[in-house]
file upload_5.cif (mmCIF, C-alpha atoms and all ligand atoms)
data_query
#
loop_
_atom_site.label_atom_id
_atom_site.label_comp_id
_atom_site.auth_asym_id
_atom_site.auth_seq_id
_atom_site.Cartn_x
_atom_site.Cartn_y
_atom_site.Cartn_z
CA MET X 18 -28.04 -39.85 89.11
CA LYS X 19 -30.78 -37.30 89.95
CA ASP X 20 -32.34 -39.10 92.94
CA LEU X 21 -31.61 -41.86 95.44
CA LEU X 22 -34.88 -43.76 95.82
CA GLY X 23 -33.85 -47.32 96.61
CA ILE X 24 -31.06 -49.88 96.66
CA ARG X 25 -32.91 -52.04 94.15
CA GLU X 26 -31.97 -49.64 91.32
CA LEU X 27 -28.27 -49.32 92.26
CA SER X 28 -25.45 -51.23 90.59
CA ARG X 29 -22.50 -52.71 92.50
CA GLU X 30 -20.40 -49.84 91.13
CA ASP X 31 -22.88 -47.27 92.48
CA ILE X 32 -22.81 -48.91 95.91
CA PHE X 33 -19.02 -49.06 96.09
CA SER X 34 -18.73 -45.45 94.94
CA PHE X 35 -20.96 -44.44 97.90
CA LEU X 36 -18.81 -46.54 100.26
CA GLU X 37 -15.59 -44.96 98.93
CA ALA X 38 -17.13 -41.50 99.39
CA ALA X 39 -18.12 -42.32 102.98
CA LYS X 40 -14.54 -43.44 103.67
CA ARG X 41 -13.32 -40.07 102.36
CA HIS X 42 -15.80 -38.11 104.47
CA LYS X 43 -15.61 -40.04 107.77
CA PRO X 44 -12.54 -38.14 109.08
CA ALA X 45 -14.52 -34.87 108.72
CA VAL X 46 -17.32 -36.29 110.89
CA GLN X 47 -14.77 -37.22 113.55
CA ASP X 48 -12.66 -34.03 113.39
CA HIS X 49 -14.35 -30.66 112.88
CA LYS X 50 -11.06 -29.14 111.64
CA LEU X 51 -11.38 -31.24 108.47
CA ARG X 52 -14.83 -29.97 107.50
CA LYS X 53 -15.00 -28.05 104.22
CA ASN X 54 -17.48 -25.72 102.58
CA GLN X 55 -17.28 -27.65 99.32
CA LEU X 56 -21.01 -27.30 98.58
CA ALA X 57 -21.44 -23.74 99.85
CA GLY X 58 -24.42 -22.09 98.17
CA ALA X 59 -26.39 -25.32 97.86
CA SER X 60 -29.46 -25.97 99.98
CA MET X 61 -31.44 -28.97 101.17
CA ALA X 62 -34.62 -29.61 103.12
CA THR X 63 -35.63 -32.59 105.21
CA VAL X 64 -39.36 -33.35 105.01
CA PHE X 65 -40.31 -36.08 107.48
CA TYR X 66 -43.93 -37.20 107.75
CA GLU X 67 -42.79 -39.88 110.23
CA ASN X 68 -40.63 -39.37 113.31
CA SER X 69 -36.86 -39.67 113.16
CA THR X 70 -33.75 -38.92 115.18
CA ARG X 71 -30.88 -40.50 113.23
CA THR X 72 -31.88 -40.06 109.58
CA VAL X 73 -33.05 -36.48 109.86
CA MET X 74 -30.14 -35.35 112.05
CA ALA X 75 -27.56 -37.28 110.00
CA PHE X 76 -28.72 -35.48 106.85
CA LEU X 77 -28.81 -32.08 108.54
CA MET X 78 -25.33 -32.62 110.02
CA ALA X 79 -23.97 -34.03 106.73
CA GLY X 80 -25.30 -30.95 104.96
CA GLU X 81 -23.74 -28.59 107.50
CA TYR X 82 -20.37 -30.39 107.26
CA LEU X 83 -20.37 -29.82 103.49
CA GLY X 84 -21.35 -26.16 103.81
CA ILE X 85 -24.90 -26.75 102.55
CA THR X 86 -27.75 -24.68 103.97
CA ALA X 87 -29.76 -27.46 105.61
CA LYS X 88 -33.28 -26.91 106.98
CA ASP X 89 -35.93 -29.21 108.41
CA LEU X 90 -39.55 -28.62 107.44
CA ASN X 91 -41.41 -29.50 110.61
CA VAL X 92 -44.28 -31.33 108.93
CA ALA X 93 -46.42 -31.30 112.10
CA THR X 94 -46.47 -27.47 112.12
CA SER X 95 -46.40 -27.04 108.32
CA SER X 96 -49.21 -26.40 105.84
CA VAL X 97 -49.44 -30.16 105.34
CA THR X 98 -51.82 -29.99 108.31
CA LYS X 99 -54.02 -27.64 106.21
CA GLY X 100 -54.26 -30.23 103.44
CA GLU X 101 -51.33 -29.28 101.19
CA THR X 102 -50.29 -32.27 99.08
CA LEU X 103 -46.89 -33.94 99.02
CA ILE X 104 -46.24 -32.76 95.46
CA ASP X 105 -47.28 -29.17 96.23
CA THR X 106 -45.07 -29.22 99.32
CA GLY X 107 -42.13 -30.35 97.18
CA LEU X 108 -42.84 -27.79 94.45
CA THR X 109 -43.04 -25.06 97.11
CA LEU X 110 -39.62 -25.96 98.50
CA GLU X 111 -38.18 -26.17 94.99
CA ALA X 112 -39.59 -22.71 94.19
CA MET X 113 -37.54 -21.44 97.13
CA GLY X 114 -34.37 -22.77 95.50
CA VAL X 115 -33.89 -26.01 97.42
CA ASN X 116 -31.46 -28.35 95.59
CA ALA X 117 -32.36 -31.56 97.42
CA ILE X 118 -35.30 -32.90 99.42
CA VAL X 119 -34.91 -35.78 101.84
CA LEU X 120 -38.33 -37.37 102.30
CA ARG X 121 -39.68 -39.81 104.87
CA HIS X 122 -43.28 -40.90 104.42
CA SER X 123 -45.45 -43.82 105.46
CA MET X 124 -46.53 -44.48 101.85
CA THR X 125 -44.56 -46.96 99.76
CA GLY X 126 -43.39 -45.15 96.62
CA SER X 127 -43.82 -41.63 98.06
CA SER X 128 -40.24 -40.65 97.14
CA HIS X 129 -40.73 -41.98 93.60
CA LEU X 130 -43.90 -39.89 93.25
CA LEU X 131 -42.16 -36.75 94.46
CA ALA X 132 -39.07 -37.36 92.31
CA ARG X 133 -41.25 -37.54 89.17
CA ASN X 134 -42.75 -34.15 89.96
CA VAL X 135 -39.80 -31.99 90.97
CA ASP X 136 -36.51 -31.19 89.24
CA CYS X 137 -34.41 -31.09 92.41
CA ALA X 138 -32.83 -34.23 93.86
CA VAL X 139 -35.07 -36.45 96.00
CA ILE X 140 -33.56 -38.78 98.57
CA ASN X 141 -35.65 -41.53 100.14
CA GLY X 142 -35.34 -41.28 103.92
CA GLY X 143 -37.72 -44.25 104.33
CA ASP X 144 -40.97 -45.02 102.48
CA GLY X 145 -43.46 -47.25 104.29
CA ASN X 146 -42.13 -50.78 104.60
CA ASN X 147 -40.46 -50.54 101.18
CA GLU X 148 -36.91 -49.12 101.35
CA HIS X 149 -34.51 -47.15 103.55
CA PRO X 150 -31.56 -46.91 101.15
CA THR X 151 -29.38 -44.46 103.08
CA GLN X 152 -29.59 -46.67 106.20
CA ALA X 153 -28.53 -49.71 104.17
CA LEU X 154 -25.61 -47.82 102.61
CA GLY X 155 -24.47 -46.75 106.10
CA ASP X 156 -24.81 -50.34 107.32
CA ALA X 157 -22.82 -51.62 104.34
CA PHE X 158 -20.10 -49.05 105.03
CA THR X 159 -19.89 -50.29 108.66
CA ILE X 160 -19.66 -53.93 107.51
CA TRP X 161 -17.04 -53.03 104.88
CA GLN X 162 -14.89 -51.21 107.44
CA HIS X 163 -14.98 -54.24 109.77
CA LYS X 164 -14.87 -57.12 107.30
CA GLY X 165 -13.21 -55.65 104.20
CA ASP X 166 -15.45 -57.55 101.79
CA PHE X 167 -19.00 -58.89 101.44
CA GLU X 168 -18.45 -62.03 99.37
CA GLY X 169 -19.42 -65.12 101.41
CA LEU X 170 -20.27 -63.20 104.60
CA ASN X 171 -23.06 -64.72 106.71
CA VAL X 172 -25.45 -61.94 107.69
CA THR X 173 -28.37 -62.72 110.02
CA ILE X 174 -31.16 -60.16 110.38
CA VAL X 175 -33.44 -60.80 113.35
CA GLY X 176 -36.73 -59.16 114.26
CA ASP X 177 -39.81 -57.56 112.75
CA ILE X 178 -38.93 -58.43 109.15
CA ALA X 179 -42.42 -57.91 107.71
CA ASN X 180 -42.53 -54.23 108.65
CA SER X 181 -38.89 -53.40 108.03
CA ARG X 182 -37.76 -51.21 105.14
CA VAL X 183 -34.23 -51.56 106.59
CA ALA X 184 -34.40 -55.33 106.14
CA ARG X 185 -35.56 -55.00 102.53
CA SER X 186 -32.86 -52.48 101.58
CA ASN X 187 -30.19 -54.54 103.33
CA VAL X 188 -31.30 -57.75 101.59
CA PHE X 189 -31.17 -55.97 98.20
CA LEU X 190 -27.73 -54.55 98.93
CA LEU X 191 -25.99 -57.43 100.69
CA THR X 192 -27.14 -60.13 98.26
CA LYS X 193 -26.05 -57.89 95.36
CA LEU X 194 -22.55 -57.81 96.89
CA GLY X 195 -22.34 -61.58 97.44
CA ALA X 196 -23.29 -61.98 101.12
CA LYS X 197 -25.55 -64.78 102.32
CA VAL X 198 -28.47 -63.22 104.19
CA THR X 199 -30.79 -65.05 106.58
CA VAL X 200 -33.83 -63.34 108.08
CA ALA X 201 -35.24 -64.69 111.34
CA GLY X 202 -38.15 -63.89 113.62
CA PRO X 203 -41.62 -65.03 114.62
CA ALA X 204 -43.63 -66.53 111.75
CA THR X 205 -46.16 -63.71 112.13
CA LEU X 206 -43.44 -61.12 111.43
CA LEU X 207 -41.67 -62.83 108.54
CA ASN X 208 -42.33 -61.85 104.96
CA GLY X 209 -42.41 -64.54 102.30
CA ASN X 210 -41.13 -62.07 99.73
CA MET X 211 -37.72 -62.18 101.39
CA ARG X 212 -37.08 -65.59 99.78
CA ALA X 213 -37.86 -64.14 96.37
CA LEU X 214 -35.33 -61.37 97.11
CA GLY X 215 -32.62 -63.98 97.78
CA ALA X 216 -32.66 -64.33 101.57
CA GLU X 217 -33.12 -67.50 103.60
CA MET X 218 -35.88 -67.42 106.18
CA THR X 219 -36.37 -69.14 109.55
CA THR X 220 -38.16 -68.84 112.87
CA ASP X 221 -35.19 -70.41 114.68
CA VAL X 222 -33.13 -67.42 115.83
CA ALA X 223 -30.45 -69.49 117.55
CA ALA X 224 -29.87 -71.57 114.41
CA ALA X 225 -29.81 -68.44 112.24
CA ILE X 226 -27.14 -66.85 114.44
CA THR X 227 -24.92 -69.95 114.41
CA GLY X 228 -21.82 -69.09 112.37
CA ALA X 229 -22.98 -65.55 111.58
CA ASP X 230 -20.38 -62.87 110.80
CA ILE X 231 -22.94 -60.09 111.23
CA VAL X 232 -25.97 -60.17 113.54
CA MET X 233 -28.38 -57.32 112.86
CA GLY X 234 -31.30 -56.75 115.22
CA LEU X 235 -34.43 -54.92 114.11
CA ARG X 236 -36.90 -52.95 116.20
CA VAL X 237 -40.29 -54.44 116.92
CA GLN X 238 -42.41 -51.79 115.17
CA LEU X 239 -45.49 -51.88 117.39
CA GLU X 240 -46.79 -48.67 115.79
CA ARG X 241 -47.25 -50.55 112.47
CA HIS X 242 -48.95 -53.63 113.97
CA LYS X 243 -52.68 -53.77 113.33
CA ALA X 244 -53.09 -56.96 115.38
CA ALA X 245 -51.07 -58.85 118.00
CA HIS X 246 -48.19 -60.79 116.42
CA PHE X 247 -46.90 -62.32 119.68
CA PRO X 248 -48.46 -62.73 123.14
CA SER X 249 -46.31 -60.19 125.03
CA LEU X 250 -43.01 -58.29 124.78
CA ALA X 251 -41.58 -60.56 127.49
CA GLU X 252 -42.34 -63.62 125.38
CA TYR X 253 -40.93 -61.95 122.28
CA ALA X 254 -37.68 -61.27 124.17
CA LYS X 255 -37.53 -64.83 125.50
CA PHE X 256 -38.00 -66.59 122.15
CA PHE X 257 -36.70 -64.09 119.57
CA GLY X 258 -34.56 -61.56 121.47
CA ILE X 259 -30.80 -61.31 120.92
CA ASN X 260 -29.09 -62.00 124.24
CA MET X 261 -25.61 -63.02 125.38
CA GLU X 262 -26.56 -66.70 125.45
CA VAL X 263 -27.61 -66.82 121.81
CA LEU X 264 -24.58 -64.74 120.74
CA LYS X 265 -22.22 -67.54 121.83
CA ARG X 266 -23.23 -69.15 118.53
CA MET X 267 -21.93 -66.40 116.24
CA ARG X 268 -18.56 -66.63 114.55
CA GLU X 269 -15.49 -65.30 116.38
CA GLY X 270 -15.00 -61.63 115.46
CA ALA X 271 -18.65 -61.20 114.50
CA ILE X 272 -20.24 -57.78 114.98
CA ILE X 273 -23.67 -56.82 116.27
CA MET X 274 -25.65 -54.15 114.48
CA HIS X 275 -29.04 -52.45 114.82
CA PRO X 276 -30.38 -49.50 112.80
CA ALA X 277 -31.95 -48.12 116.02
CA PRO X 278 -33.95 -46.81 117.77
CA VAL X 279 -33.66 -49.85 120.03
CA ASN X 280 -36.22 -51.32 122.40
CA ARG X 281 -33.64 -52.36 125.01
CA GLY X 282 -34.60 -55.67 126.59
CA VAL X 283 -37.02 -56.58 123.78
CA GLU X 284 -35.30 -57.31 120.45
CA ILE X 285 -31.83 -56.95 121.96
CA SER X 286 -30.64 -56.98 125.57
CA SER X 287 -28.85 -53.97 127.07
CA GLU X 288 -25.85 -56.21 127.75
CA VAL X 289 -25.59 -57.04 124.03
CA MET X 290 -26.17 -53.46 122.93
CA ASP X 291 -23.29 -52.23 125.11
CA CYS X 292 -20.87 -55.17 124.59
CA PRO X 293 -17.54 -54.77 122.72
CA ALA X 294 -18.89 -56.53 119.59
CA SER X 295 -21.68 -53.97 119.24
CA VAL X 296 -21.08 -51.32 116.55
CA ILE X 297 -24.47 -49.64 116.93
CA TYR X 298 -23.13 -46.14 117.69
CA GLU X 299 -20.44 -46.50 115.02
CA GLN X 300 -23.32 -47.06 112.58
CA VAL X 301 -24.60 -43.60 113.57
CA THR X 302 -21.24 -41.92 112.83
CA ASN X 303 -20.97 -43.83 109.56
CA GLY X 304 -24.51 -42.77 108.70
CA VAL X 305 -23.38 -39.14 108.60
CA ALA X 306 -20.34 -39.93 106.44
CA VAL X 307 -22.36 -41.92 103.93
CA ARG X 308 -24.98 -39.16 103.69
CA MET X 309 -22.22 -36.62 102.98
CA GLY X 310 -21.23 -38.75 99.99
CA ILE X 311 -24.85 -39.02 98.86
CA LEU X 312 -25.43 -35.25 99.03
CA GLU X 313 -22.15 -34.58 97.27
CA ARG X 314 -23.03 -36.91 94.41
CA LEU X 315 -26.65 -35.79 93.93
CA ILE X 316 -26.12 -32.06 94.40
CA LYS X 317 -23.08 -31.99 92.12
N1 LIG I 401 -32.50 -45.91 111.74
C1 LIG I 401 -33.41 -44.92 111.57
O1 LIG I 401 -33.97 -44.71 110.50
O2 LIG I 401 -33.58 -44.17 112.70
P1 LIG I 401 -34.55 -42.91 112.80
O3 LIG I 401 -35.96 -43.43 112.70
O4 LIG I 401 -34.25 -42.30 114.14
O5 LIG I 401 -34.23 -41.99 111.65
#
call {"tool": "encode", "arguments": {"input": "upload_5.cif", "output": "structure tokens"}}
result
Amino acid sequence: MKDLLGIRELSREDIFSFLEAAKRHKPAVQDHKLRKNQLAGASMATVFYENSTRTVMAFLMAGEYLGITAKDLNVATSSVTKGETLIDTGLTLEAMGVNAIVLRHSMTGSSHLLARNVDCAVINGGDGNNEHPTQALGDAFTIWQHKGDFEGLNVTIVGDIANSRVARSNVFLLTKLGAKVTVAGPATLLNGNMRALGAEMTTDVAAAITGADIVMGLRVQLERHKAAHFPSLAEYAKFFGINMEVLKRMREGAIIMHPAPVNRGVEISSEVMDCPASVIYEQVTNGVAVRMGILERLIK
């Protein structure tokens, strides 16, 4: 495997090998004494054309924990602002000896384009509303640690489905591993393609959460909306938000997830975000472990 561009291309074996690697690496994220310089001498660059806290920092921290020289190219102050192309930016980093580039870009397929034009590894850190494979692998690792298996699990994803690369990557991954996935949200933010990908689709959030083992909230991505998709944030929260009342319907022992960042009080209430069933910050820790496994596999 040269690159990690999407979940769509991965086999079950690939996915489980990433989950096993994350399990191996998680203790090193939690205890600095266990960190090793196993990839000393290697180097990676994060190149983010869209903002990020978790993905960029998780990759930089994962790199550091493996002994990799890890640098962020601040795109806003880079020569991209002078008109340098994506491919030329990648070739420039490669000419400096970079072994892996983690790319986030608003264009669907941007990582595929870069991967075809450089020899170093390219990792998709999110491309438009297409895929966010490293987020989905981290989410799967979190589910696996809590539930032990995916077969027959009821996973409900609630929110701005149409604009969500996290939803797409999770639907690819979870259906591949035998989970039943339902996506729910306002009709204006659903995406008919989800049915073709194997998910069920509804506007009835309460019904979708009934009997769920996993409830995953998604951020309302206002920055991607070209028109109003609901009258107000207050109305969105009232009809489609995840709150304590609606959570009474999930299965006992169910967990609440969210890729974050979170609009507290909009797609998910603060009470839900901070309740014992919420694993949202554990997802962040697991995101570093899974990215250590990804770097290890691609850079090796
Ligand atoms: N979940 C996620 O991709 O978060 P960031 O946008 O902060 O990287």
call {"tool": "residues_near_ligand", "arguments": {"input": "upload_5.cif", "ligand": "ligand LIG 401 (chain I)", "cutoff": "10 Å", "atoms": "only C-alpha atoms and all ligand atoms", "output": "ChimeraX atom specification"}}
result
/X:65,67-76,121,142-143,149-153,155-156,182-183,235-236,275-279,300-301,304
call {"tool": "closest_residue", "arguments": {"input": "upload_5.cif", "among": "X:Val139, X:Val172, X:Leu56, X:Ile160", "to": "X:Met233", "atoms": "only C-alpha atoms"}}
result
X:Val172
call {"tool": "residues_around", "arguments": {"input": "upload_5.cif", "residues": "stretch 18-28 of chain X", "least_positions_apart": "2", "cutoff": "8 Å", "atoms": "all atoms listed in the file", "output": "tab-separated table (two decimals) with C-alpha atoms, in the frame of the given file"}}
result
chain	number	residue	atom	x	y	z
X	30	GLU	CA	-20.40	-49.84	91.13
X	31	ASP	CA	-22.88	-47.27	92.48
X	32	ILE	CA	-22.81	-48.91	95.91
X	128	SER	CA	-40.24	-40.65	97.14
X	129	HIS	CA	-40.73	-41.98	93.60
X	132	ALA	CA	-39.07	-37.36	92.31
X	137	CYS	CA	-34.41	-31.09	92.41
X	138	ALA	CA	-32.83	-34.23	93.86
X	139	VAL	CA	-35.07	-36.45	96.00
X	140	ILE	CA	-33.56	-38.78	98.57
X	141	ASN	CA	-35.65	-41.53	100.14
X	148	GLU	CA	-36.91	-49.12	101.35
X	149	HIS	CA	-34.51	-47.15	103.55
X	150	PRO	CA	-31.56	-46.91	101.15
X	153	ALA	CA	-28.53	-49.71	104.17
X	186	SER	CA	-32.86	-52.48	101.58
X	189	PHE	CA	-31.17	-55.97	98.20
X	190	LEU	CA	-27.73	-54.55	98.93
X	314	ARG	CA	-23.03	-36.91	94.41
X	315	LEU	CA	-26.65	-35.79	93.93
call {"tool": "atom_distance", "arguments": {"input": "upload_5.cif", "atom1": "atom CA of X:Asn280", "atom2": "atom CA of X:Asp177"}}
result
12.0 Å
call {"tool": "atom_distance", "arguments": {"input": "upload_5.cif", "atom1": "atom CA of X:Gly84", "atom2": "atom CA of X:Ala112"}}
result
20.9 Å
call {"tool": "build_atoms", "arguments": {"input": "upload_5.cif", "residues": "stretch 231-242 of chain X", "atoms": "all heavy atoms", "output": "mmCIF file, keeping the file's coordinate frame"}}
result
data_model
loop_
_atom_site.group_PDB
_atom_site.id
_atom_site.type_symbol
_atom_site.label_atom_id
_atom_site.label_comp_id
_atom_site.auth_asym_id
_atom_site.auth_seq_id
_atom_site.Cartn_x
_atom_site.Cartn_y
_atom_site.Cartn_z
ATOM 1 N N ILE X 231 -22.233 -61.333 110.902
ATOM 2 C CA ILE X 231 -22.940 -60.090 111.230
ATOM 3 C C ILE X 231 -24.298 -60.493 111.806
ATOM 4 O O ILE X 231 -25.033 -61.260 111.171
ATOM 5 C CB ILE X 231 -23.228 -59.230 109.964
ATOM 6 C CG1 ILE X 231 -21.988 -59.077 109.075
ATOM 7 C CG2 ILE X 231 -23.874 -57.898 110.342
ATOM 8 C CD1 ILE X 231 -20.900 -58.209 109.601
ATOM 9 N N VAL X 232 -24.630 -59.968 112.980
ATOM 10 C CA VAL X 232 -25.970 -60.170 113.540
ATOM 11 C C VAL X 232 -26.612 -58.786 113.621
ATOM 12 O O VAL X 232 -26.104 -57.893 114.289
ATOM 13 C CB VAL X 232 -25.925 -60.820 114.933
ATOM 14 C CG1 VAL X 232 -27.330 -60.918 115.519
ATOM 15 C CG2 VAL X 232 -25.275 -62.195 114.856
ATOM 16 N N MET X 233 -27.707 -58.634 112.895
ATOM 17 C CA MET X 233 -28.380 -57.320 112.860
ATOM 18 C C MET X 233 -29.766 -57.457 113.489
ATOM 19 O O MET X 233 -30.609 -58.202 113.000
ATOM 20 C CB MET X 233 -28.510 -56.868 111.392
ATOM 21 C CG MET X 233 -29.056 -55.454 111.239
ATOM 22 S SD MET X 233 -29.284 -55.019 109.487
ATOM 23 C CE MET X 233 -27.612 -54.987 108.875
ATOM 24 N N GLY X 234 -29.982 -56.754 114.594
ATOM 25 C CA GLY X 234 -31.300 -56.750 115.220
ATOM 26 C C GLY X 234 -32.173 -55.683 114.588
ATOM 27 O O GLY X 234 -31.675 -54.690 114.061
ATOM 28 N N LEU X 235 -33.479 -55.910 114.621
ATOM 29 C CA LEU X 235 -34.430 -54.920 114.110
ATOM 30 C C LEU X 235 -35.449 -54.607 115.194
ATOM 31 O O LEU X 235 -35.854 -55.491 115.944
ATOM 32 C CB LEU X 235 -35.183 -55.461 112.894
ATOM 33 C CG LEU X 235 -34.399 -55.708 111.620
ATOM 34 C CD1 LEU X 235 -35.345 -56.297 110.572
ATOM 35 C CD2 LEU X 235 -33.758 -54.430 111.086
ATOM 36 N N ARG X 236 -35.899 -53.373 115.212
ATOM 37 C CA ARG X 236 -36.900 -52.950 116.200
ATOM 38 C C ARG X 236 -38.249 -53.620 115.934
ATOM 39 O O ARG X 236 -38.648 -53.777 114.770
ATOM 40 C CB ARG X 236 -37.052 -51.423 116.122
ATOM 41 C CG ARG X 236 -37.947 -50.830 117.183
ATOM 42 C CD ARG X 236 -37.847 -49.320 117.153
ATOM 43 N NE ARG X 236 -38.388 -48.747 115.926
ATOM 44 C CZ ARG X 236 -39.667 -48.414 115.734
ATOM 45 N NH1 ARG X 236 -40.542 -48.617 116.693
ATOM 46 N NH2 ARG X 236 -40.069 -47.873 114.591
ATOM 47 N N VAL X 237 -38.904 -53.992 117.022
ATOM 48 C CA VAL X 237 -40.290 -54.440 116.920
ATOM 49 C C VAL X 237 -41.134 -53.178 116.722
ATOM 50 O O VAL X 237 -41.212 -52.327 117.599
ATOM 51 C CB VAL X 237 -40.722 -55.190 118.199
ATOM 52 C CG1 VAL X 237 -42.200 -55.543 118.133
ATOM 53 C CG2 VAL X 237 -39.877 -56.431 118.397
ATOM 54 N N GLN X 238 -41.734 -53.041 115.518
ATOM 55 C CA GLN X 238 -42.410 -51.790 115.170
ATOM 56 C C GLN X 238 -43.889 -51.823 115.566
ATOM 57 O O GLN X 238 -44.772 -51.933 114.698
ATOM 58 C CB GLN X 238 -42.243 -51.506 113.672
ATOM 59 C CG GLN X 238 -40.775 -51.368 113.284
ATOM 60 C CD GLN X 238 -40.596 -50.804 111.883
ATOM 61 O OE1 GLN X 238 -41.245 -49.850 111.487
ATOM 62 N NE2 GLN X 238 -39.680 -51.398 111.147
ATOM 63 N N LEU X 239 -44.120 -51.742 116.872
ATOM 64 C CA LEU X 239 -45.490 -51.880 117.390
ATOM 65 C C LEU X 239 -46.450 -50.885 116.729
ATOM 66 O O LEU X 239 -47.620 -51.174 116.534
ATOM 67 C CB LEU X 239 -45.497 -51.666 118.906
ATOM 68 C CG LEU X 239 -44.866 -52.799 119.728
ATOM 69 C CD1 LEU X 239 -44.822 -52.414 121.199
ATOM 70 C CD2 LEU X 239 -45.603 -54.107 119.531
ATOM 71 N N GLU X 240 -45.913 -49.702 116.367
ATOM 72 C CA GLU X 240 -46.790 -48.670 115.790
ATOM 73 C C GLU X 240 -47.357 -49.096 114.430
ATOM 74 O O GLU X 240 -48.335 -48.515 113.953
ATOM 75 C CB GLU X 240 -46.052 -47.320 115.682
ATOM 76 C CG GLU X 240 -45.015 -47.187 114.574
ATOM 77 C CD GLU X 240 -43.648 -47.769 114.916
ATOM 78 O OE1 GLU X 240 -43.537 -48.512 115.901
ATOM 79 O OE2 GLU X 240 -42.673 -47.472 114.181
ATOM 80 N N ARG X 241 -46.746 -50.094 113.780
ATOM 81 C CA ARG X 241 -47.250 -50.550 112.470
ATOM 82 C C ARG X 241 -48.124 -51.809 112.600
ATOM 83 O O ARG X 241 -48.673 -52.276 111.616
ATOM 84 C CB ARG X 241 -46.086 -50.830 111.515
ATOM 85 C CG ARG X 241 -45.249 -49.602 111.181
ATOM 86 C CD ARG X 241 -44.332 -49.875 110.007
ATOM 87 N NE ARG X 241 -43.238 -48.918 109.963
ATOM 88 C CZ ARG X 241 -43.300 -47.731 109.373
ATOM 89 N NH1 ARG X 241 -44.402 -47.343 108.795
ATOM 90 N NH2 ARG X 241 -42.246 -46.924 109.392
ATOM 91 N N HIS X 242 -48.198 -52.382 113.818
ATOM 92 C CA HIS X 242 -48.950 -53.630 113.970
ATOM 93 C C HIS X 242 -50.440 -53.337 114.118
ATOM 94 O O HIS X 242 -50.842 -52.576 114.990
ATOM 95 C CB HIS X 242 -48.473 -54.403 115.207
ATOM 96 C CG HIS X 242 -47.055 -54.866 115.094
ATOM 97 N ND1 HIS X 242 -46.424 -55.618 116.067
ATOM 98 C CD2 HIS X 242 -46.116 -54.683 114.115
ATOM 99 C CE1 HIS X 242 -45.184 -55.875 115.696
ATOM 100 N NE2 HIS X 242 -44.964 -55.309 114.513
#
